[in-house]
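Dropping model-v9.pdb in here (PDB, C-alpha atoms):
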ATOM      1  CA  MET A   1      27.065  11.731 -24.417
ATOM      2  CA  ASP A   2      28.391   8.597 -26.039
ATOM      3  CA  ASN A   3      30.833   8.187 -23.196
ATOM      4  CA  LEU A   4      28.140   8.733 -20.577
ATOM      5  CA  LEU A   5      25.907   6.108 -22.127
ATOM      6  CA  SER A   6      28.622   3.484 -22.378
ATOM      7  CA  GLN A   7      29.632   3.803 -18.710
ATOM      8  CA  PRO A   8      27.690   1.849 -16.072
ATOM      9  CA  TRP A   9      24.905   4.079 -14.822
ATOM     10  CA  PRO A  10      25.249   5.321 -11.220
ATOM     11  CA  TRP A  11      22.598   4.602  -8.578
ATOM     12  CA  TYR A  12      21.114   8.111  -8.745
ATOM     13  CA  VAL A  13      20.285   7.561 -12.409
ATOM     14  CA  ALA A  14      19.300   3.879 -12.315
ATOM     15  CA  GLY A  15      17.289   3.980  -9.055
ATOM     16  CA  PRO A  16      14.857   6.751 -10.080
ATOM     17  CA  LEU A  17      14.419   5.191 -13.541
ATOM     18  CA  ILE A  18      13.480   1.865 -11.924
ATOM     19  CA  GLY A  19      11.115   3.672  -9.532
ATOM     20  CA  LEU A  20       9.362   5.323 -12.489
ATOM     21  CA  MET A  21       8.318   1.872 -13.733
ATOM     22  CA  VAL A  22       5.595   1.858 -11.045
ATOM     23  CA  PRO A  23       3.661   4.986 -12.162
ATOM     24  CA  ALA A  24       4.458   4.435 -15.853
ATOM     25  CA  LEU A  25       2.947   0.951 -15.843
ATOM     26  CA  LEU A  26      -0.068   2.123 -13.816
ATOM     27  CA  LEU A  27      -0.710   5.050 -16.165
ATOM     28  CA  LEU A  28      -0.144   3.231 -19.440
ATOM     29  CA  THR A  29      -1.649  -0.168 -18.609
ATOM     30  CA  GLY A  30      -3.390   0.119 -15.233
ATOM     31  CA  GLN A  31      -1.224  -2.708 -13.898
ATOM     32  CA  MET A  32       0.910  -3.106 -10.793
ATOM     33  CA  PHE A  33       4.599  -3.574 -11.584
ATOM     34  CA  GLY A  34       5.773  -7.129 -10.825
ATOM     35  CA  LEU A  35       7.697  -9.739 -12.761
ATOM     36  CA  SER A  36       7.608 -13.084 -10.944
ATOM     37  CA  SER A  37       3.999 -13.744 -12.012
ATOM     38  CA  SER A  38       5.410 -14.173 -15.526
ATOM     39  CA  PHE A  39       6.515 -17.666 -14.456
ATOM     40  CA  ARG A  40       2.969 -18.581 -13.417
ATOM     41  CA  HIS A  41       1.652 -17.353 -16.769
ATOM     42  CA  LEU A  42       4.355 -19.248 -18.666
ATOM     43  CA  ASN A  43       3.532 -22.387 -16.655
ATOM     44  CA  ALA A  44      -0.170 -21.997 -17.452
ATOM     45  CA  LEU A  45       0.556 -21.236 -21.112
ATOM     46  CA  CYS A  46       2.655 -24.396 -21.448
ATOM     47  CA  SER A  47       0.147 -26.692 -19.744
ATOM     48  CA  PRO A  48      -3.307 -25.927 -21.167
ATOM     49  CA  ARG A  49      -4.802 -29.235 -19.971
ATOM     50  CA  THR A  50      -3.455 -29.064 -16.432
ATOM     51  CA  GLN A  51      -5.542 -30.112 -13.427
ATOM     52  CA  ILE A  52      -3.444 -27.954 -11.083
ATOM     53  CA  GLU A  53      -5.780 -25.321  -9.693
ATOM     54  CA  TYR A  54      -3.224 -22.495  -9.424
ATOM     55  CA  LEU A  55      -2.523 -22.796 -13.154
ATOM     56  CA  LYS A  56      -6.105 -23.529 -14.217
ATOM     57  CA  GLU A  57      -7.227 -20.328 -12.489
ATOM     58  CA  ASP A  58      -4.563 -18.275 -14.217
ATOM     59  CA  ASP A  59      -6.020 -16.338 -17.121
ATOM     60  CA  TRP A  60      -2.706 -15.768 -18.911
ATOM     61  CA  ARG A  61      -4.421 -14.337 -21.975
ATOM     62  CA  ARG A  62      -5.813 -11.521 -19.847
ATOM     63  CA  GLU A  63      -2.410 -11.127 -18.206
ATOM     64  CA  ALA A  64      -0.577 -11.110 -21.533
ATOM     65  CA  TRP A  65       0.742  -7.597 -20.788
ATOM     66  CA  ASN A  66       3.022  -9.235 -18.221
ATOM     67  CA  LEU A  67       4.538 -11.527 -20.853
ATOM     68  CA  PHE A  68       4.988  -8.553 -23.195
ATOM     69  CA  LEU A  69       6.779  -6.770 -20.352
ATOM     70  CA  VAL A  70       9.292  -9.600 -19.842
ATOM     71  CA  GLY A  71       9.608  -9.964 -23.625
ATOM     72  CA  GLY A  72      10.557  -6.293 -23.677
ATOM     73  CA  ILE A  73      13.233  -6.931 -21.049
ATOM     74  CA  LEU A  74      14.800  -9.528 -23.361
ATOM     75  CA  VAL A  75      14.886  -6.973 -26.183
ATOM     76  CA  GLY A  76      16.081  -4.064 -24.024
ATOM     77  CA  SER A  77      18.889  -6.028 -22.390
ATOM     78  CA  PHE A  78      19.990  -7.252 -25.826
ATOM     79  CA  LEU A  79      20.034  -3.698 -27.205
ATOM     80  CA  ALA A  80      21.900  -2.324 -24.179
ATOM     81  CA  THR A  81      24.552  -5.022 -24.449
ATOM     82  CA  ARG A  82      24.901  -4.674 -28.208
ATOM     83  CA  PHE A  83      24.774  -0.889 -28.628
ATOM     84  CA  LEU A  84      25.386   0.767 -25.264
ATOM     85  CA  GLY A  85      28.711  -0.844 -24.509
ATOM     86  CA  ALA A  86      27.606  -2.927 -21.566
ATOM     87  CA  GLY A  87      30.006  -5.770 -22.247
ATOM     88  CA  VAL A  88      30.807  -6.686 -18.641
ATOM     89  CA  PRO A  89      30.256 -10.332 -17.634
ATOM     90  CA  LEU A  90      27.077 -10.713 -15.574
ATOM     91  CA  LEU A  91      27.883 -14.186 -14.267
ATOM     92  CA  PRO A  92      31.172 -15.738 -13.133
ATOM     93  CA  GLN A  93      33.125 -17.893 -15.584
ATOM     94  CA  GLU A  94      32.673 -21.024 -13.407
ATOM     95  CA  SER A  95      28.898 -20.823 -13.804
ATOM     96  CA  GLY A  96      29.289 -22.238 -17.320
ATOM     97  CA  THR A  97      30.684 -25.560 -16.035
ATOM     98  CA  GLY A  98      28.521 -28.593 -15.213
ATOM     99  CA  PRO A  99      28.407 -27.966 -11.444
ATOM    100  CA  GLY A 100      27.962 -24.244 -12.101
ATOM    101  CA  LEU A 101      24.943 -24.772 -14.337
ATOM    102  CA  LEU A 102      23.506 -27.247 -11.833
ATOM    103  CA  SER A 103      23.757 -24.682  -9.033
ATOM    104  CA  LEU A 104      22.150 -22.019 -11.251
ATOM    105  CA  PHE A 105      19.304 -24.454 -11.941
ATOM    106  CA  ALA A 106      18.906 -25.265  -8.227
ATOM    107  CA  GLY A 107      19.034 -21.567  -7.342
ATOM    108  CA  GLY A 108      16.507 -20.911 -10.095
ATOM    109  CA  VAL A 109      14.134 -23.453  -8.536
ATOM    110  CA  LEU A 110      14.377 -21.501  -5.261
ATOM    111  CA  VAL A 111      13.693 -18.248  -7.133
ATOM    112  CA  GLY A 112      10.645 -19.637  -8.972
ATOM    113  CA  PHE A 113       9.224 -21.472  -5.965
ATOM    114  CA  GLY A 114      10.030 -18.750  -3.447
ATOM    115  CA  THR A 115       8.670 -15.805  -5.428
ATOM    116  CA  ARG A 116       5.370 -17.567  -6.157
ATOM    117  CA  TYR A 117       5.046 -18.681  -2.516
ATOM    118  CA  ALA A 118       5.791 -15.127  -1.356
ATOM    119  CA  ASP A 119       3.462 -13.748  -4.074
ATOM    120  CA  GLY A 120       6.092 -11.367  -5.404
ATOM    121  CA  CYS A 121       9.770 -10.667  -5.936
ATOM    122  CA  THR A 122      12.054  -7.652  -5.800
ATOM    123  CA  SER A 123       9.891  -5.735  -8.277
ATOM    124  CA  GLY A 124       6.471  -6.677  -6.891
ATOM    125  CA  HIS A 125       7.349  -6.460  -3.196
ATOM    126  CA  SER A 126      10.561  -4.461  -2.748
ATOM    127  CA  ILE A 127       9.816  -1.772  -5.345
ATOM    128  CA  THR A 128       6.031  -1.660  -5.866
ATOM    129  CA  GLY A 129       5.023  -2.962  -2.425
ATOM    130  CA  LEU A 130       7.311  -0.621  -0.504
ATOM    131  CA  ALA A 131       6.415   2.326  -2.762
ATOM    132  CA  THR A 132       2.718   1.783  -1.962
ATOM    133  CA  LEU A 133       3.564   1.466   1.770
ATOM    134  CA  ASN A 134       2.208  -2.072   1.983
ATOM    135  CA  TRP A 135       3.594  -3.651   5.181
ATOM    136  CA  PRO A 136       3.597  -7.317   4.037
ATOM    137  CA  SER A 137       6.034  -6.223   1.323
ATOM    138  CA  LEU A 138       8.418  -4.947   3.999
ATOM    139  CA  VAL A 139       8.248  -8.368   5.686
ATOM    140  CA  ALA A 140       8.886  -9.994   2.301
ATOM    141  CA  THR A 141      11.843  -7.718   1.563
ATOM    142  CA  CYS A 142      13.426  -8.473   4.957
ATOM    143  CA  SER A 143      12.903 -12.198   4.283
ATOM    144  CA  PHE A 144      14.604 -11.892   0.872
ATOM    145  CA  PHE A 145      17.650 -10.349   2.514
ATOM    146  CA  ALA A 146      17.696 -12.827   5.394
ATOM    147  CA  GLY A 147      17.638 -15.711   2.901
ATOM    148  CA  GLY A 148      20.428 -14.176   0.831
ATOM    149  CA  LEU A 149      22.633 -13.481   3.842
ATOM    150  CA  ALA A 150      22.078 -17.054   5.070
ATOM    151  CA  VAL A 151      23.609 -18.347   1.826
ATOM    152  CA  VAL A 152      26.355 -15.818   1.155
ATOM    153  CA  TRP A 153      27.978 -15.579   4.590
ATOM    154  CA  PRO A 154      28.492 -19.310   5.337
ATOM    155  CA  ALA A 155      29.859 -19.742   1.789
ATOM    156  CA  PHE A 156      32.170 -16.747   2.346
ATOM    157  CA  TRP A 157      33.507 -18.120   5.650
ATOM    158  CA  LEU A 158      33.988 -21.615   4.222
ATOM    159  CA  SER A 159      35.984 -20.255   1.296
ATOM    160  CA  ARG A 160      38.484 -18.488   3.561
TER
ATOM    161  CA  MET B 161      -2.227  -1.139 -27.221
ATOM    162  CA  LYS B 162      -1.830  -2.065 -23.571
ATOM    163  CA  ASN B 163       0.504  -4.879 -24.594
ATOM    164  CA  LEU B 164       2.541  -2.533 -26.785
ATOM    165  CA  TYR B 165       3.000  -0.136 -23.857
ATOM    166  CA  ALA B 166       4.061  -3.054 -21.664
ATOM    167  CA  LEU B 167       6.545  -4.182 -24.313
ATOM    168  CA  LEU B 168       8.073  -0.701 -24.596
ATOM    169  CA  LEU B 169       8.329  -0.341 -20.816
ATOM    170  CA  GLY B 170       9.984  -3.760 -20.748
ATOM    171  CA  VAL B 171      12.560  -2.602 -23.303
ATOM    172  CA  PHE B 172      13.254   0.473 -21.162
ATOM    173  CA  PHE B 173      13.527  -1.639 -18.008
ATOM    174  CA  GLY B 174      15.828  -4.140 -19.725
ATOM    175  CA  VAL B 175      18.206  -1.331 -20.710
ATOM    176  CA  VAL B 176      18.203   0.025 -17.137
ATOM    177  CA  LEU B 177      18.808  -3.423 -15.590
ATOM    178  CA  VAL B 178      21.833  -4.011 -17.804
ATOM    179  CA  LYS B 179      23.262  -0.491 -17.648
ATOM    180  CA  SER B 180      22.958  -0.266 -13.845
ATOM    181  CA  GLU B 181      24.410  -3.804 -13.541
ATOM    182  CA  VAL B 182      21.594  -4.683 -11.163
ATOM    183  CA  CYS B 183      21.386  -8.004 -13.011
ATOM    184  CA  SER B 184      25.046  -8.819 -12.316
ATOM    185  CA  TRP B 185      25.869 -11.773 -10.051
ATOM    186  CA  PHE B 186      28.911  -9.841  -8.833
ATOM    187  CA  ARG B 187      26.825  -6.848  -7.733
ATOM    188  CA  ILE B 188      24.441  -9.128  -5.818
ATOM    189  CA  GLN B 189      27.359 -10.861  -4.067
ATOM    190  CA  ARG B 190      28.885  -7.529  -3.060
ATOM    191  CA  MET B 191      25.485  -6.390  -1.791
ATOM    192  CA  PHE B 192      25.010  -9.423   0.470
ATOM    193  CA  ARG B 193      28.613  -9.150   1.701
ATOM    194  CA  PHE B 194      28.088  -5.444   2.489
ATOM    195  CA  GLU B 195      31.071  -4.583   0.306
ATOM    196  CA  GLU B 196      29.294  -2.081  -1.903
ATOM    197  CA  ALA B 197      26.371   0.307  -1.457
ATOM    198  CA  HIS B 198      25.331   0.369  -5.149
ATOM    199  CA  MET B 199      22.405  -2.074  -4.891
ATOM    200  CA  TYR B 200      21.092  -0.584  -1.653
ATOM    201  CA  LEU B 201      21.201   2.923  -3.093
ATOM    202  CA  VAL B 202      19.500   1.805  -6.327
ATOM    203  CA  ILE B 203      16.687   0.098  -4.394
ATOM    204  CA  CYS B 204      16.248   3.016  -1.966
ATOM    205  CA  ALA B 205      16.189   5.587  -4.778
ATOM    206  CA  ALA B 206      13.705   3.441  -6.723
ATOM    207  CA  VAL B 207      11.413   3.112  -3.697
ATOM    208  CA  ALA B 208      11.637   6.856  -2.972
ATOM    209  CA  VAL B 209      10.721   7.825  -6.540
ATOM    210  CA  GLY B 210       8.064   5.099  -6.683
ATOM    211  CA  ALA B 211       6.510   6.215  -3.382
ATOM    212  CA  LEU B 212       6.466   9.859  -4.437
ATOM    213  CA  SER B 213       4.828   8.942  -7.751
ATOM    214  CA  VAL B 214       2.204   6.801  -6.044
ATOM    215  CA  LEU B 215       1.463   9.667  -3.652
ATOM    216  CA  LEU B 216       0.940  11.953  -6.656
ATOM    217  CA  LEU B 217      -1.248   9.383  -8.412
ATOM    218  CA  ARG B 218      -3.398   9.069  -5.280
ATOM    219  CA  ARG B 219      -3.769  12.864  -5.075
ATOM    220  CA  LEU B 220      -4.333  13.648  -8.743
ATOM    221  CA  ARG B 221      -6.333  10.491  -9.587
ATOM    222  CA  PRO B 222      -5.510  10.489 -13.300
ATOM    223  CA  ARG B 223      -7.029   7.840 -15.546
ATOM    224  CA  THR B 224      -5.043   5.176 -17.334
ATOM    225  CA  ALA B 225      -4.349   5.326 -21.056
ATOM    226  CA  GLN B 226      -7.378   3.032 -21.412
ATOM    227  CA  GLY B 227      -9.539   5.610 -19.609
ATOM    228  CA  GLU B 228      -9.994   3.548 -16.457
ATOM    229  CA  PRO B 229      -9.464   4.757 -12.884
ATOM    230  CA  ILE B 230      -6.158   3.662 -11.340
ATOM    231  CA  GLU B 231      -6.540   0.954  -8.743
ATOM    232  CA  ILE B 232      -3.617   0.302  -6.396
ATOM    233  CA  ARG B 233      -3.926  -3.286  -5.205
ATOM    234  CA  LYS B 234      -2.331  -4.580  -2.006
ATOM    235  CA  LYS B 235      -0.643  -7.913  -1.498
ATOM    236  CA  VAL B 236      -1.813  -9.796   1.596
ATOM    237  CA  PHE B 237       0.363 -11.312   4.295
ATOM    238  CA  THR B 238       0.594 -15.107   4.477
ATOM    239  CA  LYS B 239       3.124 -17.548   5.930
ATOM    240  CA  GLY B 240       4.455 -17.691   2.377
ATOM    241  CA  THR B 241       5.507 -14.048   2.594
ATOM    242  CA  VAL B 242       8.219 -15.135   5.050
ATOM    243  CA  LEU B 243       8.869 -18.762   4.006
ATOM    244  CA  GLY B 244       8.782 -18.082   0.273
ATOM    245  CA  GLY B 245      10.699 -14.863   0.823
ATOM    246  CA  LEU B 246      13.533 -16.717   2.567
ATOM    247  CA  LEU B 247      13.712 -19.338  -0.192
ATOM    248  CA  PHE B 248      13.717 -16.684  -2.908
ATOM    249  CA  GLY B 249      16.466 -14.750  -1.098
ATOM    250  CA  MET B 250      18.624 -17.875  -1.074
ATOM    251  CA  GLY B 251      18.031 -18.393  -4.783
ATOM    252  CA  TRP B 252      18.785 -14.733  -5.485
ATOM    253  CA  ALA B 253      22.163 -15.075  -3.757
ATOM    254  CA  VAL B 254      23.034 -18.294  -5.629
ATOM    255  CA  THR B 255      21.972 -17.190  -9.111
ATOM    256  CA  GLY B 256      22.645 -13.454  -8.842
ATOM    257  CA  ALA B 257      19.254 -12.906 -10.432
ATOM    258  CA  CYS B 258      15.741 -12.112  -9.326
ATOM    259  CA  PRO B 259      12.978 -12.694 -11.910
ATOM    260  CA  GLY B 260      13.500  -9.491 -13.953
ATOM    261  CA  PRO B 261      17.260  -9.947 -14.187
ATOM    262  CA  ILE B 262      16.858 -13.578 -15.319
ATOM    263  CA  TYR B 263      15.334 -12.203 -18.526
ATOM    264  CA  ALA B 264      17.940  -9.419 -18.676
ATOM    265  CA  GLN B 265      20.804 -11.920 -18.369
ATOM    266  CA  LEU B 266      19.253 -14.030 -21.124
ATOM    267  CA  GLY B 267      18.799 -11.020 -23.381
ATOM    268  CA  SER B 268      22.331  -9.806 -22.851
ATOM    269  CA  GLY B 269      23.676 -13.157 -24.010
ATOM    270  CA  ALA B 270      24.714 -14.736 -20.702
ATOM    271  CA  TYR B 271      23.789 -18.219 -21.938
ATOM    272  CA  GLN B 272      24.223 -19.796 -18.464
ATOM    273  CA  ALA B 273      21.068 -17.954 -17.408
ATOM    274  CA  VAL B 274      19.124 -20.551 -19.410
ATOM    275  CA  ALA B 275      19.769 -22.869 -16.437
ATOM    276  CA  THR B 276      18.423 -20.237 -14.029
ATOM    277  CA  PHE B 277      15.367 -19.683 -16.209
ATOM    278  CA  ALA B 278      14.677 -23.427 -16.474
ATOM    279  CA  GLY B 279      15.032 -23.712 -12.691
ATOM    280  CA  ALA B 280      12.659 -20.818 -12.038
ATOM    281  CA  PHE B 281      10.109 -22.250 -14.474
ATOM    282  CA  ALA B 282      10.333 -25.631 -12.730
ATOM    283  CA  GLY B 283      10.247 -24.009  -9.286
ATOM    284  CA  ALA B 284       7.103 -22.045 -10.086
ATOM    285  CA  TYR B 285       5.495 -25.243 -11.391
ATOM    286  CA  LEU B 286       6.529 -27.080  -8.233
ATOM    287  CA  TYR B 287       4.847 -24.369  -6.167
ATOM    288  CA  ALA B 288       1.654 -24.580  -8.230
ATOM    289  CA  TRP B 289       1.603 -28.343  -7.654
ATOM    290  CA  LEU B 290       2.409 -28.267  -3.919
ATOM    291  CA  ARG B 291       0.271 -25.219  -3.150
ATOM    292  CA  PRO B 292      -2.683 -27.093  -1.590
ATOM    293  CA  ARG B 293      -0.270 -28.803   0.832
ATOM    294  CA  LEU B 294       1.757 -25.746   1.847
ATOM    295  CA  PRO B 295       1.016 -23.568   4.902
ATOM    296  CA  HIS B 296      -0.416 -20.188   3.898
TER
END

Here is the file; what I need is its structure written in the form of structure tokens.
Amino acid sequence: MDNLLSQPWPWYVAGPLIGLMVPALLLLTGQMFGLSSSFRHLNALCSPRTQIEYLKEDDWRREAWNLFLVGGILVGSFLATRFLGAGVPLLPQESGTGPGLLSLFAGGVLVGFGTRYADGCTSGHSITGLATLNWPSLVATCSFFAGGLAVVWPAFWLSR
Amino acid sequence: MKNLYALLLGVFFGVVLVKSEVCSWFRIQRMFRFEEAHMYLVICAAVAVGALSVLLLRRLRPRTAQGEPIEIRKKVFTKGTVLGGLLFGMGWAVTGACPGPIYAQLGSGAYQAVATFAGAFAGAYLYAWLRPRLPH
């Protein structure tokens, strides 16, 4: 058991567990699973006097469950790393250098901007949206992959 | 109570993200280079289980823990679905993290993810600011 837990989990364990987030969240909180809206709530929370409509309209106190959810992710990922032997590096060594951090920041801007513009990310669109057979989420998921391929392949060719 | 449930589900999800290495930059790179099926299989299995569960919820119509009927809301299509989707995909490839995994990387002690988090926070703010001027 100890050995099983400390190995990386295979897709047929991890995938179904991720899929169960959708009904679990609906049953326990009545909410649709999605994580990118946490950035909108954090924005709104940090700028109480803002004149920006998108943030003024955001009732982050009512949506606090979403912030508890991402808070839980912080705790869970800490526990898994500390006690379940998941010591593998998640980011390349070079990402800790000046240029590396700058590219993570720039990529992060694309993630924050893009997911809010698309009204969802991998959890909201690709998991929840596809699981509820919502066609705009299929368009979104294809766009995510097209964007990713457009970055990875030119970089791959240039590096060869 | 609702917030406590959300917190506990977050803890569970954080463990799964780390243990399945879905929040690993290397896994995301190998996915986009078609070198490894792991990510595709995880996503497909998640969607299959999610879809089956939603089907059951629609049939059985249980109430939530708060005693309310379950309402499955739909996201609408806008130009942002494609344009924002493309931009997010690019960011996902660069950072190796979508929003959930940003928090998972932070929690697991990958300190560089602070840069990704700061970027995503700024990016979301930029969207909020530019929203009236963007095509939707």

Just how far from atom CA of B:Gly227 is atom CA of A:Glu63, in Å to one decimal?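 Result for atom CA of A:Glu63 versus atom CA of B:Gly227: 18.2 Å, one decimal.
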
Listing only residues of chain B within 6 Å of chain A, what is the closest atom pair and its distance in Å (to one decimal) for each, using only C-alpha atoms, sorted by chain and residue number ascending, as JSON lines?
{"residue": "B:Lys162", "atom": "CA", "partner": "A:Thr29", "partner_atom": "CA", "distance": 5.3}
{"residue": "B:Asn163", "atom": "CA", "partner": "A:Trp65", "partner_atom": "CA", "distance": 4.7}
{"residue": "B:Ala166", "atom": "CA", "partner": "A:Leu69", "partner_atom": "CA", "distance": 4.8}
{"residue": "B:Leu167", "atom": "CA", "partner": "A:Gly72", "partner_atom": "CA", "distance": 4.6}
{"residue": "B:Gly170", "atom": "CA", "partner": "A:Gly72", "partner_atom": "CA", "distance": 3.9}
{"residue": "B:Val171", "atom": "CA", "partner": "A:Gly76", "partner_atom": "CA", "distance": 3.9}
{"residue": "B:Gly174", "atom": "CA", "partner": "A:Ile73", "partner_atom": "CA", "distance": 4.0}
{"residue": "B:Val175", "atom": "CA", "partner": "A:Gly76", "partner_atom": "CA", "distance": 4.8}
{"residue": "B:Val178", "atom": "CA", "partner": "A:Ser77", "partner_atom": "CA", "distance": 5.8}
{"residue": "B:Lys179", "atom": "CA", "partner": "A:Pro8", "partner_atom": "CA", "distance": 5.3}
{"residue": "B:Ser180", "atom": "CA", "partner": "A:Trp9", "partner_atom": "CA", "distance": 4.9}
{"residue": "B:Ser184", "atom": "CA", "partner": "A:Leu90", "partner_atom": "CA", "distance": 4.3}
{"residue": "B:Trp185", "atom": "CA", "partner": "A:Leu91", "partner_atom": "CA", "distance": 5.3}
{"residue": "B:Phe192", "atom": "CA", "partner": "A:Leu149", "partner_atom": "CA", "distance": 5.8}
{"residue": "B:Leu201", "atom": "CA", "partner": "A:Trp11", "partner_atom": "CA", "distance": 5.9}
{"residue": "B:Val202", "atom": "CA", "partner": "A:Gly15", "partner_atom": "CA", "distance": 4.1}
{"residue": "B:Ala205", "atom": "CA", "partner": "A:Gly15", "partner_atom": "CA", "distance": 4.7}
{"residue": "B:Ala206", "atom": "CA", "partner": "A:Gly19", "partner_atom": "CA", "distance": 3.8}
{"residue": "B:Val207", "atom": "CA", "partner": "A:Ala131", "partner_atom": "CA", "distance": 5.1}
{"residue": "B:Val209", "atom": "CA", "partner": "A:Gly19", "partner_atom": "CA", "distance": 5.1}
{"residue": "B:Gly210", "atom": "CA", "partner": "A:Gly19", "partner_atom": "CA", "distance": 4.4}
{"residue": "B:Ala211", "atom": "CA", "partner": "A:Ala131", "partner_atom": "CA", "distance": 3.9}
{"residue": "B:Thr224", "atom": "CA", "partner": "A:Leu27", "partner_atom": "CA", "distance": 4.5}
{"residue": "B:Ala225", "atom": "CA", "partner": "A:Leu28", "partner_atom": "CA", "distance": 5.0}
{"residue": "B:Ile230", "atom": "CA", "partner": "A:Gly30", "partner_atom": "CA", "distance": 5.9}
{"residue": "B:Phe237", "atom": "CA", "partner": "A:Pro136", "partner_atom": "CA", "distance": 5.1}
{"residue": "B:Gly240", "atom": "CA", "partner": "A:Ala118", "partner_atom": "CA", "distance": 4.7}
{"residue": "B:Thr241", "atom": "CA", "partner": "A:Ala118", "partner_atom": "CA", "distance": 4.1}
{"residue": "B:Val242", "atom": "CA", "partner": "A:Ser143", "partner_atom": "CA", "distance": 5.6}
{"residue": "B:Gly244", "atom": "CA", "partner": "A:Gly114", "partner_atom": "CA", "distance": 4.0}
{"residue": "B:Gly245", "atom": "CA", "partner": "A:Ser143", "partner_atom": "CA", "distance": 4.9}
{"residue": "B:Leu246", "atom": "CA", "partner": "A:Gly147", "partner_atom": "CA", "distance": 4.2}
{"residue": "B:Leu247", "atom": "CA", "partner": "A:Gly114", "partner_atom": "CA", "distance": 4.9}
{"residue": "B:Phe248", "atom": "CA", "partner": "A:Gly114", "partner_atom": "CA", "distance": 4.3}
{"residue": "B:Gly249", "atom": "CA", "partner": "A:Phe144", "partner_atom": "CA", "distance": 3.9}
{"residue": "B:Met250", "atom": "CA", "partner": "A:Gly148", "partner_atom": "CA", "distance": 4.5}
{"residue": "B:Gly251", "atom": "CA", "partner": "A:Gly107", "partner_atom": "CA", "distance": 4.2}
{"residue": "B:Ala253", "atom": "CA", "partner": "A:Gly148", "partner_atom": "CA", "distance": 5.0}
{"residue": "B:Val254", "atom": "CA", "partner": "A:Gly107", "partner_atom": "CA", "distance": 5.4}
{"residue": "B:Thr255", "atom": "CA", "partner": "A:Leu104", "partner_atom": "CA", "distance": 5.3}
{"residue": "B:Pro259", "atom": "CA", "partner": "A:Ser36", "partner_atom": "CA", "distance": 5.5}
{"residue": "B:Gly260", "atom": "CA", "partner": "A:Leu35", "partner_atom": "CA", "distance": 5.9}
{"residue": "B:Tyr263", "atom": "CA", "partner": "A:Leu74", "partner_atom": "CA", "distance": 5.6}
{"residue": "B:Ala264", "atom": "CA", "partner": "A:Ser77", "partner_atom": "CA", "distance": 5.1}
{"residue": "B:Gly267", "atom": "CA", "partner": "A:Leu74", "partner_atom": "CA", "distance": 4.3}
{"residue": "B:Ser268", "atom": "CA", "partner": "A:Phe78", "partner_atom": "CA", "distance": 4.6}
{"residue": "B:Gln272", "atom": "CA", "partner": "A:Gly96", "partner_atom": "CA", "distance": 5.7}
{"residue": "B:Ala275", "atom": "CA", "partner": "A:Phe105", "partner_atom": "CA", "distance": 4.8}
{"residue": "B:Thr276", "atom": "CA", "partner": "A:Gly108", "partner_atom": "CA", "distance": 4.4}
{"residue": "B:Gly279", "atom": "CA", "partner": "A:Gly108", "partner_atom": "CA", "distance": 4.1}
{"residue": "B:Ala280", "atom": "CA", "partner": "A:Gly112", "partner_atom": "CA", "distance": 3.9}
{"residue": "B:Phe281", "atom": "CA", "partner": "A:Phe39", "partner_atom": "CA", "distance": 5.8}
{"residue": "B:Gly283", "atom": "CA", "partner": "A:Val109", "partner_atom": "CA", "distance": 4.0}
{"residue": "B:Ala284", "atom": "CA", "partner": "A:Gly112", "partner_atom": "CA", "distance": 4.4}
{"residue": "B:Tyr287", "atom": "CA", "partner": "A:Phe113", "partner_atom": "CA", "distance": 5.3}
{"residue": "B:Ala288", "atom": "CA", "partner": "A:Tyr54", "partner_atom": "CA", "distance": 5.4}

Kindly resolve the PyMOL selection byres ((chain B and resi 188) around 8) on the present coordinates and return the residues as an NGL selection string. :B and (182-187 or 189-192 or 199 or 252-253 or 256-257)

How would the residues just chosen look if you wrote them out with C-alpha atoms as a PDB file, in the coordinates of the input?
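For reference, selection.pdb as written:
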ATOM      1  CA  VAL B 182      21.594  -4.683 -11.163  1.00  0.00           C
ATOM      2  CA  CYS B 183      21.386  -8.004 -13.011  1.00  0.00           C
ATOM      3  CA  SER B 184      25.046  -8.819 -12.316  1.00  0.00           C
ATOM      4  CA  TRP B 185      25.869 -11.773 -10.051  1.00  0.00           C
ATOM      5  CA  PHE B 186      28.911  -9.841  -8.833  1.00  0.00           C
ATOM      6  CA  ARG B 187      26.825  -6.848  -7.733  1.00  0.00           C
ATOM      7  CA  GLN B 189      27.359 -10.861  -4.067  1.00  0.00           C
ATOM      8  CA  ARG B 190      28.885  -7.529  -3.060  1.00  0.00           C
ATOM      9  CA  MET B 191      25.485  -6.390  -1.791  1.00  0.00           C
ATOM     10  CA  PHE B 192      25.010  -9.423   0.470  1.00  0.00           C
ATOM     11  CA  MET B 199      22.405  -2.074  -4.891  1.00  0.00           C
ATOM     12  CA  TRP B 252      18.785 -14.733  -5.485  1.00  0.00           C
ATOM     13  CA  ALA B 253      22.163 -15.075  -3.757  1.00  0.00           C
ATOM     14  CA  GLY B 256      22.645 -13.454  -8.842  1.00  0.00           C
ATOM     15  CA  ALA B 257      19.254 -12.906 -10.432  1.00  0.00           C
TER      16      ALA B 257
END

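Taking atom CA of B:Leu164 and atom CA of B:Gln226 as endpoints, the distance between them is 12.6 Å.
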
Which residue of B:Leu212, B:Leu290, B:Leu169, B:Cys204 approaches A:Phe33 most closely, using all atoms listed in the file: B:Leu169

The distance between atom CA of A:Pro154 and atom CA of B:Ala270 is 26.7 Å

Residue among B:Arg291, B:Arg193, B:Phe173, B:Met161 lying closest to A:Ala155, counting all atoms listed in the file: B:Arg193

Adding 3 Å on each side of the box along x, y and z that holds all listed atoms of stretch 140-146 of chain A, could you give its centre and edge lengths in Å to one decimal, as lines of an AutoDock Vina configuration file?
center_x = 13.3
center_y = -10.3
center_z = 3.1
size_x = 14.8
size_y = 11.1
size_z = 10.5
